[in-house]
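For reference, run.cif is printed below; it contains mmCIF, C-alpha atoms.
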```cif
data_data
loop_
_atom_site.label_atom_id
_atom_site.label_comp_id
_atom_site.auth_asym_id
_atom_site.auth_seq_id
_atom_site.Cartn_x
_atom_site.Cartn_y
_atom_site.Cartn_z
CA MET A 1 -49.44 40.35 4.97
CA GLY A 2 -48.74 38.29 8.08
CA ARG A 3 -52.16 36.87 8.01
CA LEU A 4 -51.69 35.86 4.46
CA VAL A 5 -48.52 33.99 5.35
CA LEU A 6 -50.24 32.36 8.26
CA ALA A 7 -53.21 31.52 6.12
CA GLU A 8 -51.07 29.38 3.92
CA GLY A 9 -51.30 26.70 6.58
CA ALA A 10 -53.78 23.93 6.43
CA GLU A 11 -56.48 25.99 8.10
CA LYS A 12 -57.33 29.66 7.95
CA PHE A 13 -57.16 31.59 11.23
CA ALA A 14 -60.61 32.86 12.09
CA PRO A 15 -60.19 35.75 14.59
CA PRO A 16 -62.57 35.72 17.53
CA GLY A 17 -65.33 38.25 17.25
CA VAL A 18 -68.83 39.17 18.21
CA LYS A 19 -70.07 35.71 17.36
CA ASP A 20 -68.11 34.31 20.29
CA PHE A 21 -70.43 36.15 22.64
CA PHE A 22 -73.47 34.39 21.25
CA LEU A 23 -73.03 30.93 22.63
CA PRO A 24 -75.38 28.19 21.57
CA PRO A 25 -78.08 27.36 24.11
CA ILE A 26 -77.25 24.54 26.52
CA PHE A 27 -80.81 23.29 26.57
CA GLY A 28 -84.02 24.83 25.29
CA ASP A 29 -83.45 28.57 25.19
CA VAL A 30 -81.13 28.56 28.21
CA THR A 31 -77.62 29.82 27.42
CA LYS A 32 -74.42 29.74 29.41
CA PRO A 33 -74.67 33.40 30.59
CA MET A 34 -78.16 32.71 31.93
CA VAL A 35 -76.93 29.74 33.93
CA LEU A 36 -74.00 31.78 35.22
CA MET A 37 -76.31 34.60 36.19
CA VAL A 38 -78.43 32.27 38.32
CA LEU A 39 -75.27 30.71 39.72
CA SER A 40 -74.01 34.14 40.80
CA VAL A 41 -77.14 34.65 42.88
CA VAL A 42 -76.52 31.31 44.55
CA ILE A 43 -72.84 32.08 45.16
CA VAL A 44 -73.36 35.52 46.70
CA SER A 45 -76.39 34.42 48.76
CA ALA A 46 -74.56 31.37 50.03
CA PHE A 47 -71.48 33.36 50.92
CA PHE A 48 -73.36 35.92 52.97
CA LEU A 49 -75.90 33.53 54.46
CA ILE A 50 -73.27 31.07 55.63
CA THR A 51 -70.87 33.67 56.97
CA SER A 52 -73.57 35.67 58.73
CA ARG A 53 -75.17 32.61 60.29
CA ASN A 54 -73.49 33.12 63.63
CA LEU A 55 -72.06 36.60 63.86
CA LYS A 56 -69.88 37.38 66.82
CA ILE A 57 -68.53 40.59 68.31
CA VAL A 58 -65.03 39.25 67.76
CA PRO A 59 -65.12 37.95 64.18
CA THR A 60 -63.88 34.58 63.03
CA ARG A 61 -61.87 34.35 59.83
CA TRP A 62 -64.86 33.83 57.53
CA GLN A 63 -66.91 36.39 59.31
CA PHE A 64 -64.04 38.81 58.94
CA ALA A 65 -63.98 38.19 55.18
CA ALA A 66 -67.72 38.76 54.89
CA GLU A 67 -67.50 41.83 57.08
CA SER A 68 -64.74 43.24 54.92
CA VAL A 69 -66.91 42.92 51.81
CA TYR A 70 -69.96 44.26 53.64
CA ASP A 71 -67.99 47.15 55.11
CA PHE A 72 -66.56 48.00 51.73
CA GLY A 73 -70.01 48.30 50.21
CA ARG A 74 -71.46 49.98 53.28
CA ASN A 75 -68.77 52.44 54.32
CA ASN A 76 -66.50 52.97 51.32
CA ILE A 77 -69.22 53.17 48.69
CA ALA A 78 -72.65 53.85 50.19
CA ARG A 79 -71.68 56.11 53.08
CA GLU A 80 -69.05 58.00 51.11
CA GLN A 81 -71.37 58.75 48.21
CA ILE A 82 -74.80 59.08 49.81
CA GLY A 83 -73.71 60.69 53.06
CA SER A 84 -73.89 59.35 56.58
CA LYS A 85 -77.38 60.80 57.08
CA ASP A 86 -79.26 58.85 54.40
CA PHE A 87 -77.09 55.89 53.43
CA LYS A 88 -78.56 53.23 55.74
CA PRO A 89 -81.58 52.15 53.59
CA PHE A 90 -79.41 51.88 50.47
CA VAL A 91 -76.74 49.64 51.95
CA PRO A 92 -78.39 46.38 50.78
CA LEU A 93 -78.90 47.79 47.27
CA ILE A 94 -75.34 49.03 46.89
CA LEU A 95 -73.88 45.89 48.43
CA THR A 96 -75.97 43.70 46.11
CA LEU A 97 -74.96 45.73 43.06
CA PHE A 98 -71.30 45.48 43.99
CA THR A 99 -71.18 41.76 44.80
CA PHE A 100 -73.52 40.80 41.96
CA VAL A 101 -71.52 42.64 39.30
CA LEU A 102 -68.26 41.53 40.88
CA VAL A 103 -69.08 37.82 40.71
CA ASN A 104 -70.47 38.10 37.18
CA ASN A 105 -67.34 39.95 36.07
CA LEU A 106 -64.95 37.54 37.74
CA TYR A 107 -66.50 34.67 35.79
CA GLY A 108 -64.34 35.96 32.93
CA ILE A 109 -61.09 34.68 34.40
CA ILE A 110 -62.28 31.64 36.31
CA PRO A 111 -61.17 28.49 34.46
CA ILE A 112 -63.89 26.49 32.67
CA ILE A 113 -66.49 29.23 33.30
CA GLN A 114 -64.46 31.90 31.52
CA PHE A 115 -67.27 34.11 30.41
CA PRO A 116 -67.94 37.52 31.94
CA THR A 117 -71.71 37.62 32.11
CA MET A 118 -71.71 41.39 32.05
CA ALA A 119 -70.35 41.23 28.49
CA ARG A 120 -73.96 40.58 27.54
CA ILE A 121 -75.53 44.04 27.33
CA GLY A 122 -78.88 42.78 28.60
CA PHE A 123 -77.65 42.19 32.14
CA PRO A 124 -75.99 45.53 32.94
CA LEU A 125 -78.85 47.28 31.13
CA ALA A 126 -81.35 45.51 33.38
CA LEU A 127 -79.46 46.73 36.43
CA SER A 128 -78.97 50.32 35.34
CA LEU A 129 -82.25 50.99 33.49
CA LEU A 130 -84.60 48.95 35.62
CA VAL A 131 -82.99 49.19 39.06
CA VAL A 132 -80.60 52.11 39.55
CA TYR A 133 -82.40 54.59 37.28
CA PRO A 134 -85.86 54.24 38.86
CA VAL A 135 -84.40 54.16 42.36
CA TYR A 136 -82.46 57.38 42.21
CA HIS A 137 -85.21 59.30 40.48
CA TYR A 138 -87.80 57.91 42.87
CA VAL A 139 -85.87 58.98 45.97
CA GLY A 140 -85.16 62.34 44.33
CA PHE A 141 -88.84 63.02 43.59
CA LYS A 142 -89.79 61.83 47.02
CA ARG A 143 -87.26 64.04 48.73
CA HIS A 144 -87.72 67.26 46.77
CA GLY A 145 -91.20 66.96 45.23
CA PHE A 146 -91.84 66.74 41.48
CA VAL A 147 -90.98 70.31 40.45
CA GLY A 148 -88.45 70.63 43.21
CA TYR A 149 -86.56 67.61 42.00
CA LEU A 150 -86.67 68.65 38.34
CA LYS A 151 -85.23 71.99 39.39
CA HIS A 152 -82.76 70.32 41.72
CA ALA A 153 -81.59 67.98 38.97
CA THR A 154 -81.48 70.34 35.99
CA VAL A 155 -80.76 73.79 37.44
CA PRO A 156 -77.58 73.64 39.47
CA PRO A 157 -77.28 76.89 41.43
CA GLY A 158 -74.44 79.34 41.15
CA ALA A 159 -74.22 79.84 37.36
CA PRO A 160 -74.93 83.08 35.46
CA THR A 161 -78.48 83.20 34.10
CA ALA A 162 -77.45 83.01 30.45
CA ILE A 163 -75.56 79.81 31.04
CA TYR A 164 -78.73 78.01 32.11
CA PHE A 165 -79.99 77.97 28.50
CA LEU A 166 -77.09 75.70 27.78
CA LEU A 167 -76.67 74.02 31.16
CA THR A 168 -80.22 72.92 31.83
CA PRO A 169 -80.68 70.80 28.68
CA ILE A 170 -77.28 69.22 29.22
CA GLU A 171 -78.09 68.43 32.84
CA PHE A 172 -81.46 67.01 31.86
CA LEU A 173 -79.95 64.85 29.13
CA GLN A 174 -77.31 63.61 31.51
CA LYS A 175 -79.57 62.87 34.47
CA PHE A 176 -82.47 61.34 32.58
CA VAL A 177 -80.89 59.71 29.52
CA LEU A 178 -77.13 59.37 29.59
CA ASN A 179 -76.37 58.31 33.16
CA PRO A 180 -78.19 54.97 33.10
CA VAL A 181 -77.00 54.17 29.57
CA THR A 182 -73.36 54.99 30.24
CA LEU A 183 -73.53 53.11 33.52
CA ALA A 184 -74.51 49.95 31.65
CA ILE A 185 -72.26 50.47 28.67
CA ARG A 186 -69.18 51.15 30.82
CA VAL A 187 -69.16 47.73 32.43
CA PHE A 188 -70.46 45.97 29.31
CA ALA A 189 -67.74 47.44 27.08
CA ALA A 190 -64.96 46.73 29.54
CA MET A 191 -66.03 43.10 29.91
CA PHE A 192 -66.66 42.65 26.20
CA ALA A 193 -63.30 44.06 25.18
CA GLY A 194 -61.44 42.25 27.92
CA HIS A 195 -62.91 38.91 26.96
CA LEU A 196 -62.16 39.55 23.31
CA ILE A 197 -58.51 40.32 24.08
CA LEU A 198 -58.14 37.12 26.08
CA LEU A 199 -59.74 35.18 23.22
CA VAL A 200 -57.41 36.72 20.64
CA PHE A 201 -54.24 35.88 22.54
CA THR A 202 -55.34 32.43 23.60
CA LEU A 203 -56.77 31.29 20.27
CA GLY A 204 -53.95 33.02 18.39
CA GLY A 205 -51.39 31.11 20.42
CA GLU A 206 -53.20 27.87 19.81
CA TYR A 207 -53.38 28.53 16.07
CA LEU A 208 -49.69 29.47 15.94
CA LEU A 209 -48.70 26.27 17.68
CA LEU A 210 -50.90 23.93 15.65
CA HIS A 211 -51.07 25.44 12.21
CA ALA A 212 -48.27 28.00 11.67
CA ALA A 213 -45.14 27.27 9.68
CA GLY A 214 -42.35 25.65 11.72
CA PRO A 215 -40.27 28.73 12.69
CA LEU A 216 -43.35 30.61 13.79
CA LYS A 217 -44.53 27.96 16.24
CA PRO A 218 -42.50 29.29 19.27
CA VAL A 219 -44.24 32.65 18.86
CA SER A 220 -47.24 30.97 20.45
CA ILE A 221 -45.37 31.09 23.76
CA ILE A 222 -45.32 34.89 23.54
CA SER A 223 -48.99 34.92 22.69
CA TRP A 224 -49.87 32.84 25.70
CA ALA A 225 -47.61 34.85 27.95
CA PHE A 226 -49.59 37.86 26.86
CA ALA A 227 -52.80 35.99 27.52
CA ILE A 228 -51.64 35.34 31.09
CA ALA A 229 -50.57 38.95 31.60
CA MET A 230 -53.91 40.10 30.22
CA THR A 231 -55.68 37.77 32.61
CA PHE A 232 -54.11 39.60 35.54
CA LEU A 233 -55.05 42.92 34.01
CA GLU A 234 -58.58 41.61 33.46
CA ALA A 235 -58.86 40.54 37.10
CA PHE A 236 -58.02 44.07 38.12
CA ILE A 237 -60.43 45.62 35.60
CA GLN A 238 -63.26 43.29 36.61
CA VAL A 239 -62.98 44.26 40.26
CA LEU A 240 -62.59 47.90 39.33
CA GLN A 241 -65.65 47.87 37.07
CA ALA A 242 -67.78 46.29 39.77
CA TYR A 243 -66.57 48.96 42.18
CA ILE A 244 -67.26 51.75 39.67
CA PHE A 245 -70.73 50.40 38.94
CA ALA A 246 -71.69 50.40 42.61
CA LEU A 247 -69.89 53.69 43.23
CA LEU A 248 -71.69 55.53 40.43
CA SER A 249 -75.06 54.07 41.43
CA ALA A 250 -74.48 55.34 44.96
CA ASN A 251 -73.29 58.62 43.55
CA TYR A 252 -76.48 59.12 41.53
CA ILE A 253 -78.59 58.35 44.58
CA GLY A 254 -76.47 60.70 46.68
CA MET A 255 -76.82 63.49 44.12
CA ALA A 256 -80.59 63.02 43.92
CA LEU A 257 -80.83 63.22 47.71
CA ALA A 258 -78.36 66.05 48.23
CA GLU A 259 -79.82 69.16 49.84
CA ASP A 260 -77.88 71.55 47.65
CA HIS A 261 -75.73 70.92 44.66
CA MET B 1 -62.66 30.75 -2.25
CA VAL B 2 -61.16 32.71 0.64
CA LYS B 3 -63.18 35.72 -0.31
CA SER B 4 -66.43 33.87 -0.53
CA ALA B 5 -65.81 32.35 2.91
CA ALA B 6 -65.26 35.80 4.35
CA VAL B 7 -68.42 37.06 2.73
CA LEU B 8 -70.24 34.05 4.01
CA PHE B 9 -68.83 34.70 7.49
CA LEU B 10 -70.05 38.30 7.47
CA ALA B 11 -73.32 37.47 5.82
CA GLU B 12 -74.03 34.85 8.44
CA ASP B 13 -76.01 37.40 10.37
CA THR B 14 -74.07 37.98 13.55
CA PRO B 15 -76.42 39.71 15.99
CA SER B 16 -75.38 43.11 17.26
CA PRO B 17 -73.68 42.90 20.67
CA VAL B 18 -75.28 46.13 21.87
CA LEU B 19 -78.86 45.06 21.33
CA PRO B 20 -80.12 43.41 24.48
CA HIS B 21 -81.99 40.13 24.54
CA ILE B 22 -85.27 40.64 26.30
CA ALA B 23 -84.90 37.27 28.01
CA GLU B 24 -81.56 38.31 29.45
CA VAL B 25 -82.87 41.63 30.66
CA ILE B 26 -85.72 39.92 32.46
CA LEU B 27 -83.47 37.20 33.87
CA GLY B 28 -80.90 39.76 35.01
CA LEU B 29 -83.57 41.81 36.73
CA VAL B 30 -85.16 38.82 38.42
CA ALA B 31 -81.80 37.42 39.51
CA PHE B 32 -80.75 40.78 40.89
CA LEU B 33 -84.01 41.37 42.73
CA LEU B 34 -83.79 37.90 44.20
CA LEU B 35 -80.30 38.57 45.48
CA LEU B 36 -81.34 41.99 46.72
CA PHE B 37 -84.21 40.40 48.61
CA VAL B 38 -81.93 37.84 50.24
CA ILE B 39 -79.36 40.44 51.23
CA SER B 40 -81.75 43.07 52.50
CA LYS B 41 -83.88 40.52 54.32
CA PHE B 42 -81.36 38.13 55.83
CA VAL B 43 -77.87 39.56 55.55
CA SER B 44 -77.96 43.30 56.12
CA PRO B 45 -80.06 43.30 59.30
CA LYS B 46 -77.69 40.79 60.85
CA PHE B 47 -74.62 42.84 60.08
CA GLU B 48 -76.27 46.08 61.18
CA ALA B 49 -77.37 44.47 64.42
CA LEU B 50 -73.85 43.22 64.93
CA TYR B 51 -72.42 46.71 64.36
CA THR B 52 -74.90 48.25 66.75
CA GLU B 53 -74.07 45.64 69.35
CA ARG B 54 -70.36 46.10 68.81
CA THR B 55 -70.65 49.87 69.08
CA ALA B 56 -72.70 49.52 72.24
CA LYS B 57 -70.20 47.11 73.67
CA ILE B 58 -67.25 49.34 72.91
CA GLU B 59 -69.01 52.41 74.23
CA GLY B 60 -70.14 50.48 77.31
CA GLY B 61 -66.57 49.34 77.88
CA ILE B 62 -65.28 52.87 77.54
CA GLU B 63 -67.91 54.14 79.93
CA LYS B 64 -67.08 51.45 82.44
CA ALA B 65 -63.41 52.23 82.21
CA GLU B 66 -64.11 55.92 82.68
CA ALA B 67 -66.24 55.21 85.73
CA ALA B 68 -63.51 53.02 87.20
CA GLN B 69 -60.94 55.71 86.53
CA LYS B 70 -63.10 58.32 88.24
CA GLU B 71 -63.62 56.06 91.21
CA ALA B 72 -59.92 55.38 91.51
CA GLU B 73 -59.16 59.08 91.33
CA ALA B 74 -61.71 59.83 94.05
CA ALA B 75 -60.21 57.11 96.23
CA LEU B 76 -56.74 58.50 95.62
CA VAL B 77 -57.84 62.00 96.62
CA GLN B 78 -59.49 60.59 99.71
CA TYR B 79 -56.41 58.60 100.68
CA LYS B 80 -54.19 61.60 100.17
CA ALA B 81 -56.45 63.72 102.35
CA GLN B 82 -56.47 61.05 105.00
CA LEU B 83 -52.72 60.72 104.86
CA ALA B 84 -52.23 64.47 105.19
CA GLU B 85 -54.65 64.51 108.09
CA ALA B 86 -52.81 61.68 109.80
CA ARG B 87 -49.52 63.45 109.27
CA ALA B 88 -50.84 66.68 110.74
CA GLU B 89 -52.30 64.72 113.65
CA SER B 90 -49.03 62.97 114.37
CA ALA B 91 -47.12 66.24 114.18
CA ARG B 92 -49.57 67.81 116.54
CA ILE B 93 -49.29 64.92 118.99
CA ARG B 94 -45.52 65.08 118.85
CA ASP B 95 -45.53 68.80 119.51
CA ASP B 96 -47.92 68.33 122.39
CA ALA B 97 -45.76 65.60 123.87
CA ARG B 98 -42.66 67.72 123.53
CA ALA B 99 -44.32 70.67 125.22
CA GLU B 100 -45.63 68.44 127.96
CA ALA B 101 -42.19 66.94 128.53
CA GLU B 102 -40.70 70.39 128.66
CA GLN B 103 -43.26 71.40 131.21
CA ILE B 104 -42.70 68.31 133.31
CA LYS B 105 -38.96 68.85 133.20
CA GLU B 106 -39.40 72.44 134.26
CA GLU B 107 -41.70 71.43 137.10
CA LEU B 108 -39.32 68.72 138.24
CA ARG B 109 -36.40 71.13 138.18
CA ALA B 110 -38.29 73.71 140.22
CA GLN B 111 -39.37 71.02 142.62
CA ALA B 112 -35.80 69.74 142.97
CA GLN B 113 -34.45 73.21 143.47
CA GLU B 114 -37.04 73.87 146.11
CA GLU B 115 -36.26 70.56 147.75
CA SER B 116 -32.52 71.20 147.75
CA ALA B 117 -33.03 74.68 149.15
CA ARG B 118 -35.26 73.23 151.77
CA ILE B 119 -32.67 70.53 152.65
CA VAL B 120 -29.88 73.09 152.81
CA ALA B 121 -31.95 75.35 155.02
CA GLN B 122 -32.89 72.45 157.24
CA GLY B 123 -29.21 71.40 157.53
CA GLN B 124 -28.21 74.90 158.35
CA ALA B 125 -30.88 75.20 161.00
CA GLN B 126 -29.85 71.87 162.47
CA LEU B 127 -26.21 72.91 162.48
CA GLU B 128 -27.18 76.17 164.10
CA ALA B 129 -29.15 74.34 166.74
CA GLN B 130 -26.38 71.87 167.39
CA ARG B 131 -23.83 74.65 167.56
CA ALA B 132 -26.01 76.55 170.00
CA GLN B 133 -26.47 73.41 172.07
CA ILE B 134 -22.74 72.69 172.07
CA VAL B 135 -21.90 76.25 172.95
CA ALA B 136 -24.35 76.08 175.81
CA GLU B 137 -22.99 72.72 176.88
CA LEU B 138 -19.42 73.98 176.63
CA ARG B 139 -20.24 77.09 178.50
CA ALA B 140 -21.77 75.07 181.34
CA GLU B 141 -18.87 72.60 181.30
CA LEU B 142 -16.31 75.40 181.25
CA GLY B 143 -17.97 76.98 184.25
CA ARG B 144 -18.06 73.71 186.09
CA GLN B 145 -14.50 72.91 185.17
CA ALA B 146 -13.37 76.36 186.20
CA VAL B 147 -15.16 75.96 189.50
CA GLU B 148 -13.69 72.48 189.94
CA LEU B 149 -10.25 73.68 188.99
CA ALA B 150 -10.46 76.55 191.37
CA SER B 151 -11.62 74.33 194.17
CA ARG B 152 -8.78 71.91 193.41
CA ILE B 153 -6.29 74.68 193.33
CA VAL B 154 -7.61 75.97 196.59
CA GLY B 155 -7.89 72.52 198.19
CA GLU B 156 -4.45 71.13 197.31
CA SER B 157 -0.90 72.31 198.32
CA LEU B 158 0.35 74.93 196.03
CA GLU B 159 4.02 74.24 196.94
CA ASP B 160 4.06 70.86 195.51
CA GLU B 161 5.32 71.69 192.09
CA ALA B 162 4.98 68.25 190.76
CA ARG B 163 1.41 67.88 191.92
CA ARG B 164 0.65 71.35 190.59
CA ARG B 165 2.02 70.38 187.21
CA GLY B 166 0.10 67.15 187.40
CA THR B 167 -3.12 68.96 188.19
CA VAL B 168 -2.75 71.29 185.26
CA ASP B 169 -1.90 68.40 183.00
CA ARG B 170 -4.90 66.50 184.19
CA PHE B 171 -7.09 69.56 183.62
CA LEU B 172 -5.84 69.90 180.10
CA ALA B 173 -6.32 66.24 179.45
CA ASP B 174 -9.83 66.50 180.82
CA LEU B 175 -10.43 69.52 178.67
CA ASP B 176 -9.25 67.56 175.63
CA SER B 177 -11.43 64.62 176.40
CA VAL B 178 -14.42 66.91 176.80
CA SER B 179 -13.76 68.85 173.56
CA ALA B 180 -13.08 65.70 171.54
CA PRO B 181 -16.72 64.63 171.18
CA ALA B 182 -17.70 68.23 170.43
CA LYS B 183 -15.26 68.31 167.52
CA ARG B 184 -16.89 65.44 165.88
#
```
Show me this structure written as structure tokens.
Amino acid sequence: MGRLVLAEGAEKFAPPGVKDFFLPPIFGDVTKPMVLMVLSVVIVSAFFLITSRNLKIVPTRWQFAAESVYDFGRNNIAREQIGSKDFKPFVPLILTLFTFVLVNNLYGIIPIIQFPTMARIGFPLALSLLVVYPVYHYVGFKRHGFVGYLKHATVPPGAPTAIYFLLTPIEFLQKFVLNPVTLAIRVFAAMFAGHLILLVFTLGGEYLLLHAAGPLKPVSIISWAFAIAMTFLEAFIQVLQAYIFALLSANYIGMALAEDH
Amino acid sequence: MVKSAAVLFLAEDTPSPVLPHIAEVILGLVAFLLLLFVISKFVSPKFEALYTERTAKIEGGIEKAEAAQKEAEAALVQYKAQLAEARAESARIRDDARAEAEQIKEELRAQAQEESARIVAQGQAQLEAQRAQIVAELRAELGRQAVELASRIVGESLEDEARRRGTVDRFLADLDSVSAPAKR
């Protein structure tokens, strides 16, 4: 009903949708997400290369910032999940996953850029299917041997024998099919939905102000207020999703390496 | 009109958001691997080296402090021992000195007593000798005087009362003058 009333204005309100995630190419076949993706590599590399240029025992302010990020990836994610015995070789991987996803997520609320790259399924899928998935299975096979790892992954000890008929297929499905897919979809869906919500409130407010009937125009203020509130929420979710992505990746590696379940 | 636009909008084949673009997958992978290379090659080793150095430094500092503490404790123990030793030494010296003083005092007292006894004995002997000498002298004098008196009495007139009284008086006076130096 409301939409009908609104639609009586000069222009019909077209709600934002999936099509807004398929931006026209900037030049050739290069689209905005692709440019942002490359930019994120430059940003993260520059940040760490510049701050780690001259490391000192007593950190300067920038070094302290870089160390905080590095420590977070190293101690809070990698060491916690993989264990202090094996985590060292995975620190660069986990740190890269965290910072890479973080920057690409944060694009969503940075003015002008305003597009979370991870809302394009191809990027998180590349990370989870082509990076995290092979890595944790590789280290698992290497640690436990082929049969050993299959047993380690699909037959968790301590259950009654009959349960294994049910448990083993579930474990197999989870370890070899679902984990990488859900890892990618989790961050993709969060970014996709978040961006869509921001679009709805922002474009809705704009439409209300420009095209709605006179008394309805002030409602745009509420719409924009919501857009701002949602932006804060999005900032939180974007950081959280980057953290979860890195955390789960480390968790999978840790589980594959664990001596016993 | 509205309906046809909506149909047109839906029909305008919007690609599915969950089907990945191969180009994006490849780009994402390449971008990630590039970043991973940079971080694992240039960033991580630096931070790890820094942490190792920092740990070493902190541990070294702690070790140094512990060594210093141990040294200070050893020195304190040594000083205390030395102090106790010095105290015992001084007490010993004081006791020795006191005993020595006591001994000296005792010796001096004995010596003085001996000396005084000796002096008293000497005085007594001297007195005895003097007395003996005086008695001898007096005895000789008395004899002489008695002889002289007798000769005077015999030689002079016994009737003359005045002269007799004078003679006796003179004798007594003589006797006095003789005994006067002996009294001294």
Here's the selection I'm unsure about, the PyMOL selection byres ((chain A) within 8 of (chain B)); applied to the file above, which residues does it give, as a ChimeraX atom specification?
/A:18-19,21,34,37-38,41,44-45,48-49,52,55-57,67,91-93,96-97,100,120-127,130-131
Could you tell me which of B:Lys64, B:Ala117, B:Phe171, B:Ala101 comes closest to Leu142 of chain B if we count only C-alpha atoms?
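Between B:Lys64, B:Ala117, B:Phe171, B:Ala101, the residue approaching Leu142 of chain B most closely is B:Phe171.
For the pair atom CA of Val155 of chain A and atom CA of Thr168 of chain A, the interatomic distance is 5.7 Å.
Nearest residue to Ile134 of chain B among B:Val178, B:Arg152, B:Glu59, B:Ala86 is B:Val178, counting all atoms listed in the file.
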Let me make sure I understand: among A:Gly73, A:Pro89, A:Gly204, A:Gly145, which one has the smallest atom-to-atom distance to Ala14 of chain A if we use all atoms listed in the file?
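Comparing A:Gly73, A:Pro89, A:Gly204, A:Gly145 against Ala14 of chain A, the winner is A:Gly204.
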Place N, CA and C atoms on segment 44-57 of chain B and deliver the coordinates as a compact mmCIF listing (two decimals), in the frame of the given file.
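Full text of rebuild-v3.txt as output:
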```txt
# COMPACT_ATOMS: atom_id res chain seq x y z
N SER B 44 -78.20 41.96 55.59
CA SER B 44 -77.96 43.30 56.12
C SER B 44 -78.41 43.50 57.56
N PRO B 45 -79.63 43.07 57.91
CA PRO B 45 -80.06 43.30 59.30
C PRO B 45 -79.11 42.66 60.29
N LYS B 46 -78.59 41.48 59.92
CA LYS B 46 -77.69 40.79 60.85
C LYS B 46 -76.42 41.60 61.07
N PHE B 47 -75.86 42.08 59.95
CA PHE B 47 -74.62 42.84 60.08
C PHE B 47 -74.86 44.15 60.83
N GLU B 48 -75.99 44.81 60.50
CA GLU B 48 -76.27 46.08 61.18
C GLU B 48 -76.46 45.86 62.67
N ALA B 49 -77.17 44.78 63.00
CA ALA B 49 -77.37 44.47 64.42
C ALA B 49 -76.03 44.23 65.10
N LEU B 50 -75.18 43.50 64.38
CA LEU B 50 -73.85 43.22 64.93
C LEU B 50 -73.09 44.52 65.18
N TYR B 51 -73.15 45.45 64.21
CA TYR B 51 -72.42 46.71 64.36
C TYR B 51 -72.96 47.51 65.53
N THR B 52 -74.30 47.52 65.64
CA THR B 52 -74.90 48.25 66.75
C THR B 52 -74.43 47.65 68.08
N GLU B 53 -74.48 46.32 68.11
CA GLU B 53 -74.07 45.64 69.35
C GLU B 53 -72.61 45.94 69.67
N ARG B 54 -71.80 45.87 68.62
CA ARG B 54 -70.36 46.10 68.81
C ARG B 54 -70.11 47.52 69.30
N THR B 55 -70.81 48.47 68.65
CA THR B 55 -70.65 49.87 69.08
C THR B 55 -71.05 50.03 70.54
N ALA B 56 -72.21 49.42 70.86
CA ALA B 56 -72.70 49.52 72.24
C ALA B 56 -71.68 48.93 73.21
N LYS B 57 -71.15 47.79 72.79
CA LYS B 57 -70.20 47.11 73.67
C LYS B 57 -68.95 47.96 73.89
```
